[in-house]
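Chemist: Data file data_11.csv (CSV, C-alpha atoms) is appended below.
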chain,number,residue,atom,x,y,z
P,1,MET,CA,28.1,133.5,152.5
P,2,ASN,CA,26.0,135.1,155.2
P,3,THR,CA,26.3,138.8,155.9
P,4,ALA,CA,27.8,139.1,159.3
P,5,THR,CA,27.7,135.3,159.8
P,6,LYS,CA,28.1,134.3,163.4
P,7,LEU,CA,29.1,131.0,164.8
P,8,SER,CA,27.1,130.2,168.0
P,9,GLY,CA,29.1,129.7,171.2
P,10,PHE,CA,29.4,126.3,172.8
P,11,ALA,CA,30.5,124.8,176.0
P,12,LEU,CA,34.2,124.1,176.6
P,13,GLY,CA,33.1,120.6,177.5
P,14,LEU,CA,32.9,119.9,173.8
P,15,ALA,CA,36.7,120.0,173.6
P,16,ALA,CA,36.8,116.2,173.2
P,17,VAL,CA,34.6,116.5,170.1
P,18,PHE,CA,37.0,119.1,168.5
P,19,ALA,CA,40.0,117.0,169.5
P,20,GLY,CA,38.7,114.4,167.1
P,21,ALA,CA,37.6,116.9,164.4
P,22,TYR,CA,41.0,116.9,162.8
P,23,GLY,CA,40.0,113.7,161.0
P,24,ILE,CA,36.5,114.8,160.1
P,25,GLY,CA,36.1,115.8,156.4
P,26,HIS,CA,38.6,113.5,154.7
P,27,VAL,CA,37.3,111.9,151.5
P,28,ALA,CA,38.6,109.3,149.1
P,29,GLY,CA,40.2,110.0,145.7
P,30,PRO,CA,42.7,112.5,144.4
P,31,ALA,CA,41.7,116.1,144.0
P,32,ALA,CA,44.4,116.5,141.3
P,33,PRO,CA,47.5,114.7,140.2
P,34,ALA,CA,49.6,116.8,142.5
P,35,ALA,CA,47.4,116.4,145.6
P,36,GLU,CA,45.6,113.6,147.3
P,37,THR,CA,42.7,113.5,149.8
P,38,ARG,CA,42.2,110.9,152.6
P,39,HIS,CA,39.1,109.1,153.6
P,40,ASP,CA,38.1,108.9,157.2
P,41,THR,CA,35.6,106.4,158.6
P,42,THR,CA,33.7,109.2,160.3
P,43,ASP,CA,32.3,110.2,156.9
P,44,THR,CA,32.0,106.8,155.3
P,45,ASP,CA,28.4,106.3,156.3
P,46,HIS,CA,26.9,109.4,154.9
P,47,GLY,CA,23.4,108.3,156.0
P,48,ALA,CA,24.4,108.2,159.6
P,49,ALA,CA,26.9,111.0,159.9
P,50,GLY,CA,26.8,113.1,156.8
P,51,HIS,CA,23.5,114.0,155.2
P,52,GLY,CA,22.0,116.5,157.6
P,53,ASP,CA,22.0,114.3,160.8
P,54,GLU,CA,21.9,116.9,163.5
P,55,SER,CA,22.6,114.2,166.1
P,56,ALA,CA,26.0,113.8,164.5
P,57,GLY,CA,26.8,117.3,165.5
P,58,GLY,CA,26.2,119.2,162.2
P,59,ALA,CA,23.8,121.7,163.8
P,60,HIS,CA,26.1,122.3,166.8
P,61,LEU,CA,29.6,122.5,165.3
P,62,PRO,CA,31.2,125.6,163.8
P,63,GLY,CA,31.4,125.7,160.0
P,64,GLY,CA,33.9,123.8,158.0
P,65,LEU,CA,34.4,120.9,160.3
P,66,LEU,CA,32.2,118.5,158.3
P,67,VAL,CA,32.5,117.2,154.8
P,68,SER,CA,28.7,116.5,154.8
P,69,GLU,CA,25.9,118.4,156.3
P,70,GLN,CA,22.1,118.7,155.7
P,71,GLY,CA,22.4,116.2,152.9
P,72,TYR,CA,25.1,118.1,151.0
P,73,THR,CA,28.6,116.7,150.5
P,74,LEU,CA,31.9,118.2,149.3
P,75,GLN,CA,33.7,115.9,146.9
P,76,PRO,CA,37.0,116.8,145.3
P,77,VAL,CA,37.4,115.2,141.9
P,78,THR,CA,40.3,114.4,139.6
P,79,ALA,CA,41.7,117.5,137.8
P,80,PRO,CA,44.6,118.3,135.5
P,81,ALA,CA,47.8,119.5,137.1
P,82,GLY,CA,47.6,123.0,138.3
P,83,GLU,CA,43.8,122.9,138.7
P,84,PHE,CA,41.5,122.2,141.7
P,85,ALA,CA,38.1,120.7,141.1
P,86,PHE,CA,35.2,119.5,143.2
P,87,ARG,CA,31.5,118.9,143.3
P,88,ILE,CA,28.7,119.4,145.8
P,89,THR,CA,26.3,116.6,145.8
P,90,GLY,CA,22.8,117.0,147.2
P,91,PRO,CA,20.4,114.9,149.3
P,92,ASP,CA,19.6,112.9,146.2
P,93,GLY,CA,23.2,112.1,145.6
P,94,ALA,CA,23.4,114.1,142.3
P,95,PRO,CA,25.7,117.0,141.8
P,96,VAL,CA,24.1,120.4,142.7
P,97,THR,CA,23.9,122.8,139.7
P,98,ARG,CA,21.8,125.6,141.2
P,99,TYR,CA,23.2,128.1,143.7
P,100,ASP,CA,22.2,131.4,145.1
P,101,VAL,CA,24.5,134.4,144.6
P,102,ALA,CA,26.0,135.6,147.9
P,103,HIS,CA,28.3,138.6,147.8
P,104,ASP,CA,28.5,138.6,144.0
P,105,ARG,CA,29.5,134.9,143.7
P,106,ARG,CA,27.8,131.5,143.8
P,107,MET,CA,30.8,129.8,145.4
P,108,HIS,CA,33.6,131.0,147.7
P,109,LEU,CA,36.5,128.6,148.1
P,110,ILE,CA,38.9,129.2,151.0
P,111,VAL,CA,42.0,127.1,151.5
P,112,ALA,CA,44.4,127.2,154.4
P,113,ARG,CA,47.3,125.0,155.3
P,114,ARG,CA,46.8,123.0,158.5
P,115,ASP,CA,49.6,125.0,160.3
P,116,LEU,CA,47.9,128.2,159.1
P,117,SER,CA,50.9,129.3,157.1
P,118,GLY,CA,49.1,129.6,153.8
P,119,PHE,CA,45.7,131.1,152.9
P,120,ARG,CA,43.8,131.8,149.7
P,121,HIS,CA,40.2,132.9,148.9
P,122,VAL,CA,39.2,132.2,145.3
P,123,HIS,CA,36.1,131.9,143.2
P,124,PRO,CA,35.8,128.8,141.0
P,125,GLU,CA,33.7,128.5,137.9
P,126,LEU,CA,30.7,126.1,137.6
P,127,ALA,CA,30.5,123.6,134.7
P,128,ALA,CA,27.2,122.3,133.4
P,129,ASP,CA,27.8,118.9,135.1
P,130,GLY,CA,28.0,120.5,138.5
P,131,THR,CA,31.8,120.5,138.7
P,132,TRP,CA,33.6,123.6,140.1
P,133,ARG,CA,37.0,124.3,138.7
P,134,VAL,CA,39.7,126.9,139.5
P,135,ALA,CA,43.5,127.3,139.2
P,136,SER,CA,44.8,125.4,142.2
P,137,PRO,CA,45.2,127.6,145.2
P,138,LEU,CA,47.2,125.0,147.1
P,139,ALA,CA,50.6,126.6,147.2
P,140,GLY,CA,53.2,124.0,148.2
P,141,PRO,CA,53.4,120.7,150.1
P,142,GLY,CA,51.3,120.1,153.2
P,143,VAL,CA,47.9,119.2,154.4
P,144,TRP,CA,45.4,121.9,153.4
P,145,ARG,CA,41.9,122.4,154.5
P,146,ALA,CA,39.5,123.4,151.7
P,147,PHE,CA,36.3,125.2,152.6
P,148,ALA,CA,33.4,125.5,150.2
P,149,ASP,CA,31.1,128.3,151.3
P,150,PHE,CA,27.8,128.4,149.4
P,151,THR,CA,24.0,128.5,149.4
P,152,PRO,CA,22.2,125.8,147.4
P,153,THR,CA,19.1,127.2,145.8
P,154,GLY,CA,16.2,126.4,148.1
P,155,GLY,CA,18.6,125.5,151.0
P,156,GLU,CA,20.4,127.2,153.8
P,157,PRO,CA,24.0,128.7,153.7
P,158,LEU,CA,26.6,126.0,154.3
P,159,THR,CA,30.4,125.8,154.8
P,160,LEU,CA,31.8,122.3,154.2
P,161,GLY,CA,35.4,121.3,154.6
P,162,VAL,CA,37.8,118.6,153.4
P,163,ASP,CA,41.5,117.9,153.9
P,164,VAL,CA,43.7,117.8,150.8
P,165,THR,CA,47.3,116.6,150.9
P,166,VAL,CA,49.9,118.0,148.5
P,167,PRO,CA,52.9,115.6,148.6
P,168,GLY,CA,56.5,116.9,149.0
P,169,PRO,CA,59.0,117.9,151.7
P,170,LEU,CA,57.3,119.9,154.4
P,171,THR,CA,58.6,122.2,157.2
P,172,ALA,CA,55.9,123.0,159.7
P,173,ARG,CA,55.8,126.6,160.7
P,174,PRO,CA,54.8,127.9,164.2
P,175,LEU,CA,51.8,130.1,164.5
P,176,PRO,CA,53.0,133.8,164.5
P,177,ALA,CA,52.7,135.6,167.8
P,178,PRO,CA,49.6,137.7,168.5
P,179,ALA,CA,49.9,141.2,167.1
P,180,THR,CA,47.7,144.2,166.5
P,181,THR,CA,49.4,145.3,163.3
P,182,ALA,CA,50.1,143.6,160.0
P,183,THR,CA,51.8,144.8,156.8
P,184,VAL,CA,51.0,143.6,153.3
P,185,ASP,CA,52.0,145.0,149.9
P,186,GLY,CA,53.0,148.3,151.4
P,187,TYR,CA,49.9,148.7,153.5
P,188,THR,CA,49.7,148.7,157.3
P,189,VAL,CA,46.5,147.3,158.9
P,190,THR,CA,45.8,147.9,162.6
P,191,LEU,CA,43.4,145.7,164.6
P,192,THR,CA,41.4,147.2,167.5
P,193,GLY,CA,39.2,144.9,169.7
P,194,THR,CA,39.5,141.5,171.2
P,195,PRO,CA,37.3,138.5,170.4
P,196,GLU,CA,35.5,137.1,173.4
P,197,PRO,CA,34.0,133.6,173.3
P,198,GLY,CA,30.2,133.3,173.4
P,199,ARG,CA,29.6,137.0,172.9
P,200,THR,CA,29.5,139.5,170.0
P,201,SER,CA,32.8,141.4,169.7
P,202,ARG,CA,33.5,144.5,167.6
P,203,LEU,CA,36.7,144.1,165.6
P,204,THR,CA,37.9,147.2,163.7
P,205,LEU,CA,40.7,147.0,161.1
P,206,THR,CA,42.2,150.3,160.0
P,207,VAL,CA,44.1,150.5,156.7
P,208,SER,CA,46.9,153.0,156.0
P,209,ARG,CA,49.6,153.4,153.4
P,210,ALA,CA,52.9,155.3,153.8
P,211,GLY,CA,51.6,156.6,157.1
P,212,ARG,CA,48.4,158.0,155.6
P,213,PRO,CA,44.9,156.6,156.2
P,214,VAL,CA,43.3,154.9,153.1
P,215,THR,CA,39.9,156.6,152.6
P,216,ASP,CA,39.1,155.2,149.2
P,217,LEU,CA,38.9,151.5,149.7
P,218,GLN,CA,37.2,149.8,146.7
P,219,PRO,CA,34.2,147.5,147.0
P,220,TYR,CA,35.1,143.8,146.8
P,221,LEU,CA,32.3,141.3,146.5
P,222,GLY,CA,29.8,143.9,147.7
P,223,ALA,CA,31.7,145.0,150.8
P,224,TYR,CA,34.8,147.0,151.9
P,225,GLY,CA,36.3,144.0,153.5
P,226,HIS,CA,36.0,140.3,154.2
P,227,LEU,CA,37.2,138.7,157.4
P,228,VAL,CA,37.8,135.0,157.9
P,229,ALA,CA,38.9,133.5,161.2
P,230,LEU,CA,40.3,130.0,161.7
P,231,ARG,CA,40.8,128.4,165.1
P,232,GLN,CA,44.2,126.8,165.6
P,233,GLY,CA,44.0,123.0,165.8
P,234,ASP,CA,40.7,122.0,164.2
P,235,LEU,CA,40.4,125.0,161.9
P,236,ALA,CA,36.9,125.8,162.9
P,237,TYR,CA,35.7,128.4,160.4
P,238,LEU,CA,34.2,131.8,161.0
P,239,HIS,CA,33.3,134.2,158.2
P,240,VAL,CA,31.9,137.7,158.9
P,241,HIS,CA,31.3,140.8,156.9
P,242,PRO,CA,31.6,144.4,157.9
P,243,GLU,CA,29.0,146.8,159.2
P,244,GLY,CA,27.4,148.7,156.4
P,245,THR,CA,27.7,148.4,152.6
P,246,PRO,CA,29.3,150.5,149.9
P,247,ASP,CA,27.2,153.4,148.6
P,248,ASP,CA,24.6,153.1,151.4
P,249,GLY,CA,25.1,156.8,152.2
P,250,ARG,CA,26.6,156.2,155.6
P,251,THR,CA,29.5,153.7,155.4
P,252,PRO,CA,32.8,155.4,154.7
P,253,ALA,CA,35.3,153.8,152.3
P,254,GLY,CA,37.9,153.5,155.0
P,255,PRO,CA,40.2,153.8,156.7
P,256,ALA,CA,38.4,151.7,159.3
P,257,VAL,CA,36.3,148.6,158.6
P,258,THR,CA,34.4,147.2,161.6
P,259,PHE,CA,33.1,143.7,162.0
P,260,ALA,CA,30.8,142.1,164.5
P,261,ALA,CA,32.0,138.6,165.2
P,262,GLU,CA,31.4,135.8,167.7
P,263,VAL,CA,34.1,133.1,168.2
P,264,PRO,CA,33.0,129.7,169.4
P,265,SER,CA,35.5,129.1,172.1
P,266,ALA,CA,38.7,130.3,173.8
P,267,GLY,CA,41.9,129.7,171.9
P,268,ALA,CA,44.2,131.1,169.3
P,269,TYR,CA,42.7,132.2,166.0
P,270,ARG,CA,44.2,133.4,162.7
P,271,LEU,CA,42.4,136.3,161.1
P,272,TYR,CA,42.6,137.0,157.4
P,273,LEU,CA,41.3,140.4,156.1
P,274,ASP,CA,40.7,140.8,152.4
P,275,PHE,CA,40.4,144.4,151.1
P,276,ARG,CA,40.6,146.0,147.7
P,277,HIS,CA,42.6,149.1,146.9
P,278,GLY,CA,44.5,150.2,143.8
P,279,ASP,CA,42.4,147.7,141.7
P,280,ALA,CA,44.1,144.8,143.6
P,281,VAL,CA,43.0,142.6,146.5
P,282,HIS,CA,45.3,142.4,149.5
P,283,THR,CA,45.2,140.0,152.5
P,284,ALA,CA,46.4,141.1,155.9
P,285,GLU,CA,46.9,138.3,158.5
P,286,PHE,CA,46.7,138.4,162.3
P,287,THR,CA,47.0,136.0,165.2
P,288,VAL,CA,44.6,136.8,168.1
P,289,LEU,CA,43.9,135.1,171.4
P,290,ALA,CA,40.3,134.8,172.5
P,291,GLY,CA,39.3,134.2,176.2
P,292,ALA,CA,41.4,133.0,179.1
P,293,GLN,CA,44.5,131.0,178.0
P,294,PRO,CA,45.8,128.0,179.9
P,295,ALA,CA,48.6,128.8,182.3
P,296,PRO,CA,52.0,127.3,181.4
P,297,ALA,CA,52.9,124.2,183.2
P,298,PRO,CA,55.1,124.9,186.3
P,299,THR,CA,58.7,123.9,186.1
P,300,THR,CA,60.2,122.0,189.0
P,301,ALA,CA,63.9,121.9,189.8
P,302,PRO,CA,65.4,118.4,189.8
P,303,THR,CA,65.3,116.8,193.2
P,304,PRO,CA,68.7,115.7,194.5
P,305,ASP,CA,69.1,111.9,194.4
P,306,ALA,CA,70.6,110.7,197.7
P,307,GLY,CA,74.0,109.3,197.1
P,308,HIS,CA,74.3,110.6,193.6
P,309,GLY,CA,75.8,114.1,194.4
P,310,THR,CA,74.8,116.9,192.0
P,311,PRO,CA,71.1,117.1,191.1
P,312,GLY,CA,70.5,115.9,187.5
P,313,HIS,CA,73.3,113.5,187.5
P,314,GLY,CA,72.8,110.7,185.0
P,315,HIS,CA,73.9,107.2,184.4
P,316,SER,CA,76.0,106.3,181.4
Would you write the structure of this file as structure tokens?

Modeler:
Amino acid sequence: MNTATKLSGFALGLAAVFAGAYGIGHVAGPAAPAAETRHDTTDTDHGAAGHGDESAGGAHLPGGLLVSEQGYTLQPVTAPAGEFAFRITGPDGAPVTRYDVAHDRRMHLIVARRDLSGFRHVHPELAADGTWRVASPLAGPGVWRAFADFTPTGGEPLTLGVDVTVPGPLTARPLPAPATTATVDGYTVTLTGTPEPGRTSRLTLTVSRAGRPVTDLQPYLGAYGHLVALRQGDLAYLHVHPEGTPDDGRTPAGPAVTFAAEVPSAGAYRLYLDFRHGDAVHTAEFTVLAGAQPAPAPTTAPTPDAGHGTPGHGHS
């Protein structure tokens, strides 16, 4: 992952591109006996749309919207029940086996359900054949987006995404209302700052417990906090890290952790803050609105229909 990774802004005129991005990043073949992935024709021709073709939008889209980029492709593979497995294939079509370490890990796997009601950030293990394996983070039925965040040795940092379906009865959950506080595991996290599309925004998250500020946050993957933002709808992916690093002589271990982030467009985003305290990792979640929001459609009272008496009268 990039330290303080930023997604460049882009014109709202690309809305039509993102409207179709829901289907981008589906692949064929089951990821595990309990889950299945779907293939979309957008990614079928990897030579045209997948392997690093900037004209296909890879250089201009936020992270995680493509299953293939710069010649690298995310491919879920069959795994035993309770396990999630995948490979990254390179420009030569072979599984990639060499990765650079970024924030203490060679691979960061983030999964989120499409309605943003579930989120996990885990770190799989790499086998000699290039297969990454981890206990399945897909908690329950639904369509999940799996993001592989990595840097292939000799290449640039990438975030690839693929949809994975876990069968079973599903009840969609609405996005929680915007809020500036969240509670998790007895901690209260307060958010200060508002993301603004196309410009760098400072977001400060302050951690307290039982009404007292937490001033002894523990380093987690080389930082005092990790922040992931996902845009509602297409799940465009933004990952940033806080200002400063542990033990640099000037960065306090809480209670406040400040991030510099740039969101790609106006809209609703779900923020996920990972922080470590008490030898455990905790995740606080927020809904935030970036930029001007569309006004609600006006409501018009029914027009009386001549000869039918009371407005709204219906026919049997």

Chemist: Using the file's own x, y and z axes, so that the box edges lie along x, y and z, what centre and edge lengths in Å (one decimal) does a box around every listed atom of stretch 165-168 of chain P get when 8 Å is added on each side? Give it as AutoDock Vina command-line options.

Modeler:
--center_x 51.9 --center_y 116.8 --center_z 149.7 --size_x 25.2 --size_y 18.4 --size_z 18.4

Chemist: In Å to one decimal, how far is atom CA of P:Asp104 from atom CA of P:Arg231?

Modeler: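 The value is 26.5 Å.
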
Chemist: Could you list, as a list in words, every residue within 9 Å of P:Leu170, counting only C-alpha atoms and ignoring same-chain residues fewer than 2 positions away?

Modeler: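 Neighbouring residues, sequence-local ones excluded: Gly140, Pro141, Gly142, Pro167, Gly168 and Ala172 of chain P.
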
Chemist: Looking at only C-alpha atoms, which of P:His239, P:Arg209, P:Arg199, P:Arg276 is the one that sits closest to P:Phe259?

Modeler: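 Checking each candidate against P:Phe259, we get P:His239 as the closest.
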
Chemist: Rounded to one decimal, what separation in Å do you get between atom CA of P:Leu271 and atom CA of P:Gln218?

Modeler: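 Here the two named atoms are 20.4 Å from each other.
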
Chemist: With all atoms listed in the file as the atoms that count, which of P:Arg173, P:Arg114, P:His121, P:Arg145 lies nearest to P:Gln232?

Modeler: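 Looking only at the distances to P:Gln232, the closest residue turns out to be P:Arg114.
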
Chemist: Residues of stretch 61-140 of chain P that approach stretch 174-187 of chain P to 12 Å or less, counting only C-alpha atoms: could you list each one with the shortest pair of atoms and its distance in Å to one decimal, rows by chain and increasing residue number, as JSON lines?

Modeler:
{"residue": "P:Arg113", "atom": "CA", "partner": "P:Leu175", "partner_atom": "CA", "distance": 11.4}
{"residue": "P:Arg114", "atom": "CA", "partner": "P:Leu175", "partner_atom": "CA", "distance": 10.6}
{"residue": "P:Asp115", "atom": "CA", "partner": "P:Leu175", "partner_atom": "CA", "distance": 7.0}
{"residue": "P:Leu116", "atom": "CA", "partner": "P:Leu175", "partner_atom": "CA", "distance": 6.9}
{"residue": "P:Ser117", "atom": "CA", "partner": "P:Leu175", "partner_atom": "CA", "distance": 7.5}
{"residue": "P:Gly118", "atom": "CA", "partner": "P:Leu175", "partner_atom": "CA", "distance": 11.0}

Chemist: Rounded to one decimal, what separation in Å do you get between atom CA of P:Leu66 and atom CA of P:Ile88?

Modeler: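 Value for the atom CA of P:Leu66-atom CA of P:Ile88 distance: 13.0 Å.
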
Chemist: Can you pull out every residue within 9 Å of P:Val111, counting all atoms listed in the file, but drop anything in the same chain fewer than 5 positions away, and send it as a ChimeraX atom specification?

Modeler: /P:118-122,137-138,144-148

Chemist: Within 9 Å of (29.8, 140.1, 140.6) (coordinates as in the file), grab all the protein and nucleic acid residues, counting all atoms listed in the file, and write them out as a list in words.

Modeler: Val101, His103, Asp104, Arg105, Tyr220, Leu221 and Gly222 of chain P

Chemist: Print the selection's residues with C-alpha atoms to a file, as a PDB file, in the frame of the given file.

Modeler:
ATOM      1  CA  VAL P 101      24.500 134.400 144.600  1.00  0.00           C
ATOM      2  CA  HIS P 103      28.300 138.600 147.800  1.00  0.00           C
ATOM      3  CA  ASP P 104      28.500 138.600 144.000  1.00  0.00           C
ATOM      4  CA  ARG P 105      29.500 134.900 143.700  1.00  0.00           C
ATOM      5  CA  TYR P 220      35.100 143.800 146.800  1.00  0.00           C
ATOM      6  CA  LEU P 221      32.300 141.300 146.500  1.00  0.00           C
ATOM      7  CA  GLY P 222      29.800 143.900 147.700  1.00  0.00           C
TER       8      GLY P 222
END

Chemist: Select, from P:Ser136, P:Thr89, P:Ser208, P:Gln75, the residue with the minimum atom-to-atom distance to P:Ala256, counting only C-alpha atoms.

Modeler: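 Going through P:Ser136, P:Thr89, P:Ser208, P:Gln75 one by one, the smallest distance to P:Ala256 is for P:Ser208.
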
Chemist: With only C-alpha atoms as the counted atoms, please give the residues lying no more than 6 Å from stretch 285-290 of chain P, apart from itself and same-chain residues fewer than 5 positions off, as a PyMOL selection string.

Modeler: chain P and resi 178+195-196+266-272

Chemist: Write out as a ChimeraX atom specification each polymer residue whose atoms come within 9 Å of P:Gly193, counting only C-alpha atoms; drop sequence neighbours fewer than 5 positions from it.

Modeler: /P:201-205

Chemist: Using only C-alpha atoms, pick whichever of P:Asp163, P:Glu262, P:Asp248, P:Asp274 has the shortest atom-to-atom distance to P:Ala112.

Modeler: P:Asp163

Chemist: Do you know which residues are at most 7 Å from P:Asp100 counting all atoms listed in the file, after dropping those on the same chain fewer than 4 positions away, and could you put them as a PyMOL selection string?

Modeler: chain P and resi 106+151-153

Chemist: What does the file look like for those residues with C-alpha atoms, as a PDB file, keeping the file's coordinate frame?

Modeler:
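The result, stored in out_26.pdb:
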ATOM      1  CA  ARG P 106      27.800 131.500 143.800  1.00  0.00           C
ATOM      2  CA  THR P 151      24.000 128.500 149.400  1.00  0.00           C
ATOM      3  CA  PRO P 152      22.200 125.800 147.400  1.00  0.00           C
ATOM      4  CA  THR P 153      19.100 127.200 145.800  1.00  0.00           C
TER       5      THR P 153
END

Chemist: When distances are computed from all atoms listed in the file, which of P:Ser265, P:Gln293, P:Thr165, P:Thr194 shows the smallest separation from P:Leu61?

Modeler: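 Going through P:Ser265, P:Gln293, P:Thr165, P:Thr194 one by one, the smallest distance to P:Leu61 is for P:Ser265.
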
Chemist: Pick out the closest residue to P:Ala139 from this set: P:Gly64, P:Gly161, P:Pro91, P:Gly82. Count all atoms listed in the file.

Modeler: P:Gly82
